[in-house]
$ cat entry_36.json   # JSON, C-alpha atoms
[["chain", "number", "residue", "atom", "x", "y", "z"],
["E", 66, "ASP", "CA", 0.00, 0.00, 0.00],
["E", 67, "PRO", "CA", 1.22, 3.56, -0.69],
["E", 68, "ILE", "CA", 2.70, 5.35, 2.28],
["E", 69, "SER", "CA", 0.60, 8.34, 3.33],
["E", 70, "LEU", "CA", 2.43, 11.51, 4.34],
["E", 71, "GLU", "CA", -0.57, 13.01, 6.12],
["E", 72, "GLY", "CA", 0.12, 13.61, 9.76],
["E", 73, "VAL", "CA", 3.86, 13.01, 9.30],
["E", 74, "SER", "CA", 5.88, 15.85, 10.82],
["E", 75, "SER", "CA", 9.46, 14.59, 10.35],
["E", 76, "ALA", "CA", 11.49, 12.12, 8.30],
["E", 77, "ALA", "CA", 12.23, 10.08, 11.41],
["E", 78, "GLU", "CA", 8.56, 9.03, 11.62],
["E", 79, "LEU", "CA", 8.88, 7.40, 8.17],
["E", 80, "GLU", "CA", 11.78, 5.19, 9.28],
["E", 81, "VAL", "CA", 9.33, 2.85, 11.01],
["E", 82, "HIS", "CA", 8.27, 1.52, 7.59],
["E", 83, "GLY", "CA", 11.67, -0.08, 7.07],
["E", 84, "LEU", "CA", 14.15, -0.13, 4.16],
["E", 85, "GLU", "CA", 12.20, -2.33, 1.76],
["E", 86, "LYS", "CA", 8.90, -0.51, 2.00],
["E", 87, "LEU", "CA", 10.55, 2.89, 1.61],
["E", 88, "LYS", "CA", 12.46, 1.54, -1.40],
["E", 89, "ALA", "CA", 9.28, 0.28, -3.04],
["E", 90, "GLU", "CA", 7.47, 3.58, -2.43],
["E", 91, "LEU", "CA", 10.36, 5.65, -3.84],
["E", 92, "ALA", "CA", 10.56, 3.37, -6.89],
["E", 93, "ARG", "CA", 6.82, 3.70, -7.45],
["E", 94, "LEU", "CA", 7.14, 7.48, -7.43],
["E", 95, "GLY", "CA", 10.14, 7.46, -9.79],
["E", 96, "LEU", "CA", 12.65, 8.64, -7.19],
["E", 97, "LYS", "CA", 16.00, 7.21, -6.26],
["E", 98, "CYS", "CA", 15.53, 4.34, -3.84],
["E", 99, "GLY", "CA", 19.11, 3.74, -2.67],
["E", 100, "GLY", "CA", 20.90, 4.87, 0.46],
["E", 101, "SER", "CA", 20.45, 4.25, 4.18],
["E", 102, "LEU", "CA", 17.15, 4.17, 6.07],
["E", 103, "SER", "CA", 17.39, 7.81, 7.09],
["E", 104, "GLN", "CA", 18.31, 8.96, 3.57],
["E", 105, "ARG", "CA", 15.33, 7.16, 2.04],
["E", 106, "ALA", "CA", 13.02, 8.60, 4.68],
["E", 107, "GLU", "CA", 14.32, 12.14, 4.07],
["E", 108, "ARG", "CA", 13.90, 11.73, 0.32],
["E", 109, "LEU", "CA", 10.32, 10.59, 0.70],
["E", 110, "PHE", "CA", 9.58, 13.33, 3.27],
["E", 111, "LEU", "CA", 10.53, 15.97, 0.67],
["E", 112, "LEU", "CA", 7.22, 15.25, -1.05],
["E", 113, "LYS", "CA", 5.51, 16.74, 1.98],
["E", 114, "SER", "CA", 6.64, 20.23, 0.95],
["E", 115, "THR", "CA", 7.67, 19.78, -2.70],
["E", 116, "PRO", "CA", 5.38, 18.56, -5.48],
["E", 117, "LEU", "CA", 6.66, 15.57, -7.42],
["E", 118, "GLU", "CA", 6.87, 17.64, -10.61],
["E", 119, "GLN", "CA", 9.28, 20.09, -8.92],
["E", 120, "MET", "CA", 11.55, 17.51, -7.31],
["E", 121, "PRO", "CA", 15.24, 18.18, -8.05],
["E", 122, "LYS", "CA", 16.88, 15.93, -10.62],
["E", 123, "ALA", "CA", 19.33, 14.77, -7.96],
["E", 124, "HIS", "CA", 16.49, 12.84, -6.29],
["E", 125, "ARG", "CA", 14.92, 11.44, -9.45],
["E", 126, "ALA", "CA", 15.72, 7.97, -10.70],
["E", 127, "LYS", "CA", 17.17, 7.47, -14.17],
["E", 128, "GLY", "CA", 14.36, 7.09, -16.66],
["E", 129, "GLY", "CA", 11.82, 8.37, -14.15],
["E", 130, "ALA", "CA", 8.97, 10.52, -15.45],
["E", 131, "GLY", "CA", 9.05, 14.24, -14.80],
["E", 132, "GLY", "CA", 5.24, 14.67, -14.93],
["E", 133, "GLY", "CA", 2.88, 14.35, -12.02],
["E", 134, "GLY", "CA", 0.53, 11.55, -13.15],
["E", 135, "GLY", "CA", 0.33, 8.22, -11.38],
["E", 136, "GLY", "CA", 0.74, 6.38, -14.70],
["E", 137, "ALA", "CA", 3.97, 8.27, -15.43],
["E", 138, "GLU", "CA", 5.30, 7.52, -11.98],
["E", 139, "GLY", "CA", 4.44, 3.86, -12.42],
["E", 140, "GLY", "CA", 6.16, 3.86, -15.83],
["E", 141, "GLY", "CA", 9.40, 5.19, -14.26],
["E", 142, "GLY", "CA", 9.28, 2.54, -11.56],
["E", 143, "GLY", "CA", 8.55, -0.14, -14.16],
["E", 144, "GLY", "CA", 11.73, 0.79, -16.09],
["E", 145, "GLY", "CA", 13.81, 0.34, -12.94],
["E", 146, "HIS", "CA", 12.11, -2.98, -12.20],
["E", 147, "ARG", "CA", 12.85, -4.22, -15.73],
["E", 148, "GLU", "CA", 16.56, -3.47, -15.37],
["E", 149, "LEU", "CA", 16.62, -5.14, -11.96],
["E", 150, "ALA", "CA", 14.80, -8.19, -13.29],
["E", 151, "LEU", "CA", 17.24, -8.46, -16.19],
["E", 152, "LEU", "CA", 20.23, -8.35, -13.84],
["E", 153, "GLU", "CA", 18.64, -10.98, -11.63],
["E", 154, "GLU", "CA", 18.03, -13.25, -14.61],
["E", 155, "VAL", "CA", 21.64, -12.90, -15.81],
["E", 156, "THR", "CA", 22.92, -13.58, -12.29],
["E", 157, "CYS", "CA", 20.77, -16.68, -11.93],
["E", 158, "HIS", "CA", 21.91, -17.99, -15.31],
["E", 159, "LEU", "CA", 25.57, -17.50, -14.43],
["E", 160, "GLY", "CA", 24.95, -19.21, -11.11],
["E", 161, "GLU", "CA", 23.50, -22.23, -12.91],
["E", 162, "LEU", "CA", 26.49, -22.42, -15.26],
["E", 163, "LEU", "CA", 29.02, -22.17, -12.44],
["E", 164, "ALA", "CA", 27.10, -24.27, -9.91],
["E", 165, "GLU", "CA", 29.23, -27.39, -10.50],
["E", 166, "VAL", "CA", 32.48, -25.43, -10.32],
["E", 167, "VAL", "CA", 31.38, -23.66, -7.14],
["E", 168, "ASP", "CA", 30.39, -26.95, -5.50],
["E", 169, "GLU", "CA", 33.69, -28.59, -6.41],
["E", 170, "THR", "CA", 35.64, -25.58, -5.15],
["E", 171, "ALA", "CA", 33.74, -25.57, -1.87],
["E", 172, "ALA", "CA", 34.31, -29.31, -1.45],
["E", 173, "MET", "CA", 38.04, -28.90, -2.14],
["E", 174, "VAL", "CA", 38.33, -26.06, 0.39],
["E", 175, "GLU", "CA", 36.51, -28.08, 3.03],
["E", 176, "LYS", "CA", 38.74, -31.08, 2.28],
["E", 177, "LYS", "CA", 41.90, -28.99, 2.64],
["E", 178, "GLN", "CA", 40.69, -27.45, 5.89],
["E", 179, "ALA", "CA", 39.93, -30.90, 7.32],
["E", 180, "ARG", "CA", 43.36, -32.39, 6.49],
["E", 181, "THR", "CA", 45.75, -33.42, 9.24],
["E", 182, "TYR", "CA", 49.43, -32.52, 9.38],
["E", 183, "ASP", "CA", 50.44, -35.98, 8.10],
["E", 184, "GLU", "CA", 48.07, -35.68, 5.14],
["E", 185, "ILE", "CA", 49.48, -32.26, 4.27],
["E", 186, "GLU", "CA", 53.04, -33.64, 4.33],
["E", 187, "ARG", "CA", 51.99, -36.58, 2.18],
["E", 188, "ASP", "CA", 50.38, -34.30, -0.43],
["E", 189, "LEU", "CA", 53.46, -32.06, -0.55],
["E", 190, "ALA", "CA", 55.72, -35.09, -1.01],
["E", 191, "ALA", "CA", 53.50, -36.38, -3.83],
["E", 192, "ALA", "CA", 53.60, -32.99, -5.56],
["E", 193, "ALA", "CA", 57.41, -32.89, -5.25],
["E", 194, "GLU", "CA", 57.70, -36.37, -6.77],
["E", 195, "ALA", "CA", 55.44, -35.40, -9.66],
["E", 196, "GLN", "CA", 57.61, -32.35, -10.31],
["E", 197, "GLU", "CA", 60.76, -34.50, -10.27],
["E", 198, "ASP", "CA", 59.19, -36.91, -12.76],
["E", 199, "GLU", "CA", 58.37, -34.03, -15.09],
["E", 200, "ASP", "CA", 61.95, -32.73, -14.83],
["E", 201, "GLU", "CA", 63.33, -36.20, -15.59],
["E", 202, "ASP", "CA", 61.08, -36.49, -18.64],
["E", 203, "ASP", "CA", 62.33, -33.12, -19.87],
["E", 204, "ASP", "CA", 65.95, -34.19, -19.38],
["E", 205, "GLU", "CA", 65.33, -37.42, -21.26],
["E", 206, "GLU", "CA", 63.81, -35.52, -24.16],
["E", 207, "LYS", "CA", 66.85, -33.23, -24.27],
["E", 208, "GLU", "CA", 69.27, -36.17, -24.21],
["E", 209, "LYS", "CA", 67.53, -37.95, -27.10],
["E", 210, "PRO", "CA", 69.37, -37.67, -30.46],
["E", 211, "ILE", "CA", 67.91, -35.09, -32.80],
["E", 212, "TYR", "CA", 66.05, -36.65, -35.72],
["E", 213, "ASN", "CA", 67.57, -34.93, -38.75],
["E", 214, "PRO", "CA", 67.57, -37.28, -41.78],
["E", 215, "LEU", "CA", 67.97, -34.40, -44.29],
["E", 216, "ASN", "CA", 71.00, -33.00, -42.42],
["E", 217, "LEU", "CA", 69.39, -29.59, -42.09],
["E", 218, "PRO", "CA", 71.23, -26.76, -40.29],
["E", 219, "LEU", "CA", 70.32, -26.23, -36.62],
["E", 220, "GLY", "CA", 68.43, -23.15, -35.50],
["E", 221, "TRP", "CA", 68.80, -21.01, -32.37],
["E", 222, "ASP", "CA", 66.90, -23.63, -30.32],
["E", 223, "GLY", "CA", 69.25, -26.45, -31.29],
["E", 224, "LYS", "CA", 66.67, -28.10, -33.55],
["E", 225, "PRO", "CA", 66.74, -28.42, -37.35],
["E", 226, "ILE", "CA", 65.24, -25.47, -39.16],
["E", 227, "PRO", "CA", 62.07, -26.05, -41.23],
["E", 228, "TYR", "CA", 62.62, -27.49, -44.67],
["E", 229, "TRP", "CA", 60.76, -24.62, -46.38],
["E", 230, "LEU", "CA", 63.17, -22.15, -44.74],
["E", 231, "TYR", "CA", 66.09, -24.32, -45.84],
["E", 232, "LYS", "CA", 64.87, -24.11, -49.45],
["E", 233, "LEU", "CA", 64.00, -20.41, -49.23],
["E", 234, "HIS", "CA", 67.56, -19.38, -48.34],
["E", 235, "GLY", "CA", 69.02, -21.72, -50.97],
["E", 236, "LEU", "CA", 70.97, -23.72, -48.39],
["E", 237, "ASN", "CA", 70.60, -26.80, -50.58],
["E", 238, "ILE", "CA", 72.84, -25.22, -53.27],
["E", 239, "GLU", "CA", 76.58, -25.84, -52.98],
["E", 240, "TYR", "CA", 79.17, -23.31, -54.23],
["E", 241, "ARG", "CA", 82.87, -24.22, -54.58],
["E", 242, "CYS", "CA", 85.78, -21.79, -54.71],
["E", 243, "GLU", "CA", 89.07, -23.01, -56.24],
["E", 244, "ILE", "CA", 90.93, -19.99, -54.89],
["E", 245, "CYS", "CA", 89.96, -21.01, -51.33],
["E", 246, "GLY", "CA", 91.27, -24.54, -51.87],
["E", 247, "ASN", "CA", 88.01, -25.98, -53.25],
["E", 248, "GLN", "CA", 86.16, -24.92, -50.11],
["E", 249, "SER", "CA", 82.38, -25.48, -50.22],
["E", 250, "TYR", "CA", 79.82, -22.84, -49.25],
["E", 251, "MET", "CA", 76.14, -23.70, -48.78],
["E", 252, "GLY", "CA", 73.74, -21.03, -49.97],
["E", 253, "PRO", "CA", 74.27, -17.78, -51.91],
["E", 254, "ARG", "CA", 74.51, -15.70, -48.76],
["E", 255, "ALA", "CA", 77.52, -17.57, -47.38],
["E", 256, "PHE", "CA", 79.07, -17.65, -50.88],
["E", 257, "GLU", "CA", 78.83, -13.88, -51.34],
["E", 258, "ARG", "CA", 80.13, -13.22, -47.83],
["E", 259, "HIS", "CA", 83.22, -15.42, -48.21],
["E", 260, "PHE", "CA", 84.85, -13.02, -50.73],
["E", 261, "GLN", "CA", 85.56, -10.64, -47.82],
["E", 262, "GLU", "CA", 86.74, -13.36, -45.42],
["E", 263, "TRP", "CA", 90.32, -14.30, -44.58],
["E", 264, "ARG", "CA", 90.40, -17.58, -46.52],
["E", 265, "HIS", "CA", 89.65, -15.99, -49.89],
["E", 266, "ALA", "CA", 91.92, -13.02, -49.19],
["E", 267, "HIS", "CA", 94.78, -15.42, -48.33],
["E", 268, "GLY", "CA", 94.20, -17.37, -51.56],
["E", 269, "MET", "CA", 94.33, -14.17, -53.64],
["E", 270, "ALA", "CA", 97.53, -13.10, -51.87],
["E", 271, "CYS", "CA", 99.13, -16.45, -52.69],
["E", 272, "LEU", "CA", 98.30, -15.84, -56.36],
["E", 273, "GLY", "CA", 99.86, -12.38, -56.19],
["E", 274, "ILE", "CA", 96.58, -10.69, -57.06],
["E", 275, "PRO", "CA", 94.99, -7.93, -54.97],
["E", 276, "ASN", "CA", 91.59, -8.86, -53.57],
["E", 277, "THR", "CA", 89.62, -5.94, -55.02],
["E", 278, "ARG", "CA", 85.98, -5.63, -56.03],
["E", 279, "HIS", "CA", 86.92, -6.45, -59.64],
["E", 280, "PHE", "CA", 87.39, -10.08, -58.58],
["E", 281, "GLN", "CA", 84.04, -10.39, -56.82],
["E", 282, "GLY", "CA", 82.45, -13.61, -58.02],
["E", 283, "ILE", "CA", 85.65, -15.08, -59.47],
["E", 284, "THR", "CA", 86.28, -18.56, -58.07],
["E", 285, "LEU", "CA", 88.64, -20.16, -60.65],
["E", 286, "ILE", "CA", 92.38, -19.47, -60.58],
["E", 287, "GLU", "CA", 92.62, -19.27, -64.39],
["E", 288, "ASP", "CA", 89.82, -16.70, -64.56],
["E", 289, "ALA", "CA", 91.52, -14.64, -61.85],
["E", 290, "TYR", "CA", 94.84, -14.57, -63.79],
["E", 291, "THR", "CA", 93.07, -13.68, -67.04],
["E", 292, "LEU", "CA", 91.21, -10.78, -65.45],
["E", 293, "TRP", "CA", 94.37, -9.58, -63.69],
["E", 294, "ALA", "CA", 96.28, -9.51, -67.00],
["E", 295, "LYS", "CA", 93.47, -7.57, -68.65],
["E", 296, "LEU", "CA", 93.37, -5.04, -65.82],
["E", 297, "LYS", "CA", 97.14, -4.54, -66.00],
["E", 298, "GLY", "CA", 96.94, -3.96, -69.76],
["E", 299, "GLU", "CA", 94.23, -1.33, -69.31],
["E", 300, "THR", "CA", 96.29, 0.32, -66.61],
["E", 301, "GLN", "CA", 99.35, 0.52, -68.83],
["E", 302, "CYS", "CA", 97.31, 2.06, -71.63],
["E", 303, "SER", "CA", 96.09, 4.77, -69.33],
["E", 304, "THR", "CA", 99.60, 5.52, -67.91],
["E", 305, "TRP", "CA", 101.44, 8.70, -69.10],
["E", 306, "ASN", "CA", 104.08, 7.95, -71.74],
["E", 307, "PRO", "CA", 106.25, 10.97, -72.54],
["E", 308, "GLU", "CA", 107.48, 9.50, -75.84],
["E", 309, "LEU", "CA", 103.93, 9.25, -77.19],
["E", 310, "ASP", "CA", 101.88, 11.72, -75.21],
["E", 311, "GLU", "CA", 104.23, 14.76, -75.09],
["E", 312, "GLU", "CA", 103.60, 17.13, -78.04],
["E", 313, "PHE", "CA", 106.08, 19.35, -79.94],
["E", 314, "GLU", "CA", 105.52, 22.04, -82.56],
["E", 315, "ASP", "CA", 107.92, 23.08, -85.32],
["E", 316, "LYS", "CA", 108.34, 26.55, -86.83],
["E", 317, "GLN", "CA", 105.66, 25.90, -89.40],
["E", 318, "GLY", "CA", 103.10, 25.01, -86.69],
["E", 319, "ASN", "CA", 103.09, 21.27, -87.25],
["E", 320, "VAL", "CA", 102.25, 19.38, -84.04],
["E", 321, "MET", "CA", 103.83, 15.97, -83.41],
["E", 322, "ASN", "CA", 104.79, 13.74, -80.50],
["E", 323, "ARG", "CA", 108.19, 13.74, -78.90],
["E", 324, "LYS", "CA", 109.53, 10.67, -80.71],
["E", 325, "THR", "CA", 108.62, 11.96, -84.16],
["E", 326, "TYR", "CA", 110.03, 15.40, -83.43],
["E", 327, "THR", "CA", 113.33, 13.92, -82.23],
["E", 328, "ASP", "CA", 113.68, 11.71, -85.31],
["E", 329, "LEU", "CA", 113.07, 14.65, -87.68],
["E", 330, "ALA", "CA", 115.48, 16.82, -85.78],
["E", 331, "ARG", "CA", 118.24, 14.22, -86.04],
["E", 332, "GLN", "CA", 117.69, 13.99, -89.83],
["E", 333, "GLY", "CA", 117.83, 17.76, -90.16],
["E", 334, "LEU", "CA", 114.42, 17.99, -91.68],
["E", 335, "LEU", "CA", 113.17, 20.67, -89.31],
["E", 336, "ASP", "CA", 113.64, 24.30, -90.33]]

$ encode --input "entry_36.json" --output "structure tokens"
Amino acid sequence: DPISLEGVSSAAELEVHGLEKLKAELARLGLKCGGSLSQRAERLFLLKSTPLEQMPKAHRAKGGAGGGGGGAEGGGGGGGHRELALLEEVTCHLGELLAEVVDETAAMVEKKQARTYDEIERDLAAAAEAQEDEDEDDDEEKEKPIYNPLNLPLGWDGKPIPYWLYKLHGLNIEYRCEICGNQSYMGPRAFERHFQEWRHAHGMACLGIPNTRHFQGITLIEDAYTLWAKLKGETQCSTWNPELDEEFEDKQGNVMNRKTYTDLARQGLLD
């Protein structure tokens, strides 16, 4: 039944109705229904001096009607009841889903609380033995020989790398270098890198050829000598030769190289 405010002179007189009844009355009127007993009573007592339409927003419930009709007030309370009913339904459903887990957890806690000191020691010893067995299994797995029938290179974890990665980097291709003493290099990356390493540089030094970028990719000794002879010939052609490159001019303005000018001068053909 609705709570009548007639004859009520203070909020303390409304506290006799209790928390639940005050909550229901505030919800019916579209006002906030939370707080302590005294707060609910004071909120309801405000209607004694303030019409419902003029109640401050701080005291109104979310979704509550601002008008003064009973149907509007009931509509605001109904919205709050719907939200509460939805939360209760979700909570009940979750409780049903977790009922078995909750029961097993409670039974385990009760079992642990009822254990004696000897039972606790026995459980700890069993757990330690299980841990030792797991460690022994791990050690046995580490000591087992690695299954590597394709002789693949080992990765950072000590296991063979995947075959697709082996093919991607061309590690199945063998390159030989005669200058390095017929040393084999697996994959193009290792082959390209070996031209700057000590072994190839030592081989080039033994041949008397400088290890420059001109010989990048040369692996045969004969090819290295052929290229070195060609480079020396080009170098000689580009070197300054005074006999051929120095120019002289006679009295008539004829320009000739040094050798020709000297020969003509010796023959007395120059004026």

$ closest_residue --input "entry_36.json" --among "E:Ala190, E:Met321, E:Leu219, E:Leu94" --to "Pro116 in chain E" --atoms "all atoms listed in the file"
E:Leu94

$ residues_around --input "entry_36.json" --residues "His279 in chain E" --least-positions-apart "2" --cutoff "12 Å" --atoms "all atoms listed in the file" --output "count of residues only"
14

$ residues_around --input "entry_36.json" --residues "range 104-115 of chain E" --least-positions-apart "2" --cutoff "12 Å" --atoms "only C-alpha atoms" --output "ChimeraX atom specification"
/E:67-102,117-121,123-126,133

$ axis_aligned_box --input "entry_36.json" --around "range 261-271 of chain E" --padding-each-side "6 Å" --output "JSON"
{"center_x": 92.3, "center_y": -14.1, "center_z": -49.1, "size_x": 25.6, "size_y": 18.9, "size_z": 21.1}

$ closest_residue --input "entry_36.json" --among "E:Val167, E:Gly220, E:Lys316, E:Met251" --to "Gly235 in chain E" --atoms "only C-alpha atoms"
E:Met251

$ closest_residue --input "entry_36.json" --among "E:Tyr250, E:Leu163, E:Ile244, E:Leu236" --to "His265 in chain E" --atoms "only C-alpha atoms"
E:Ile244
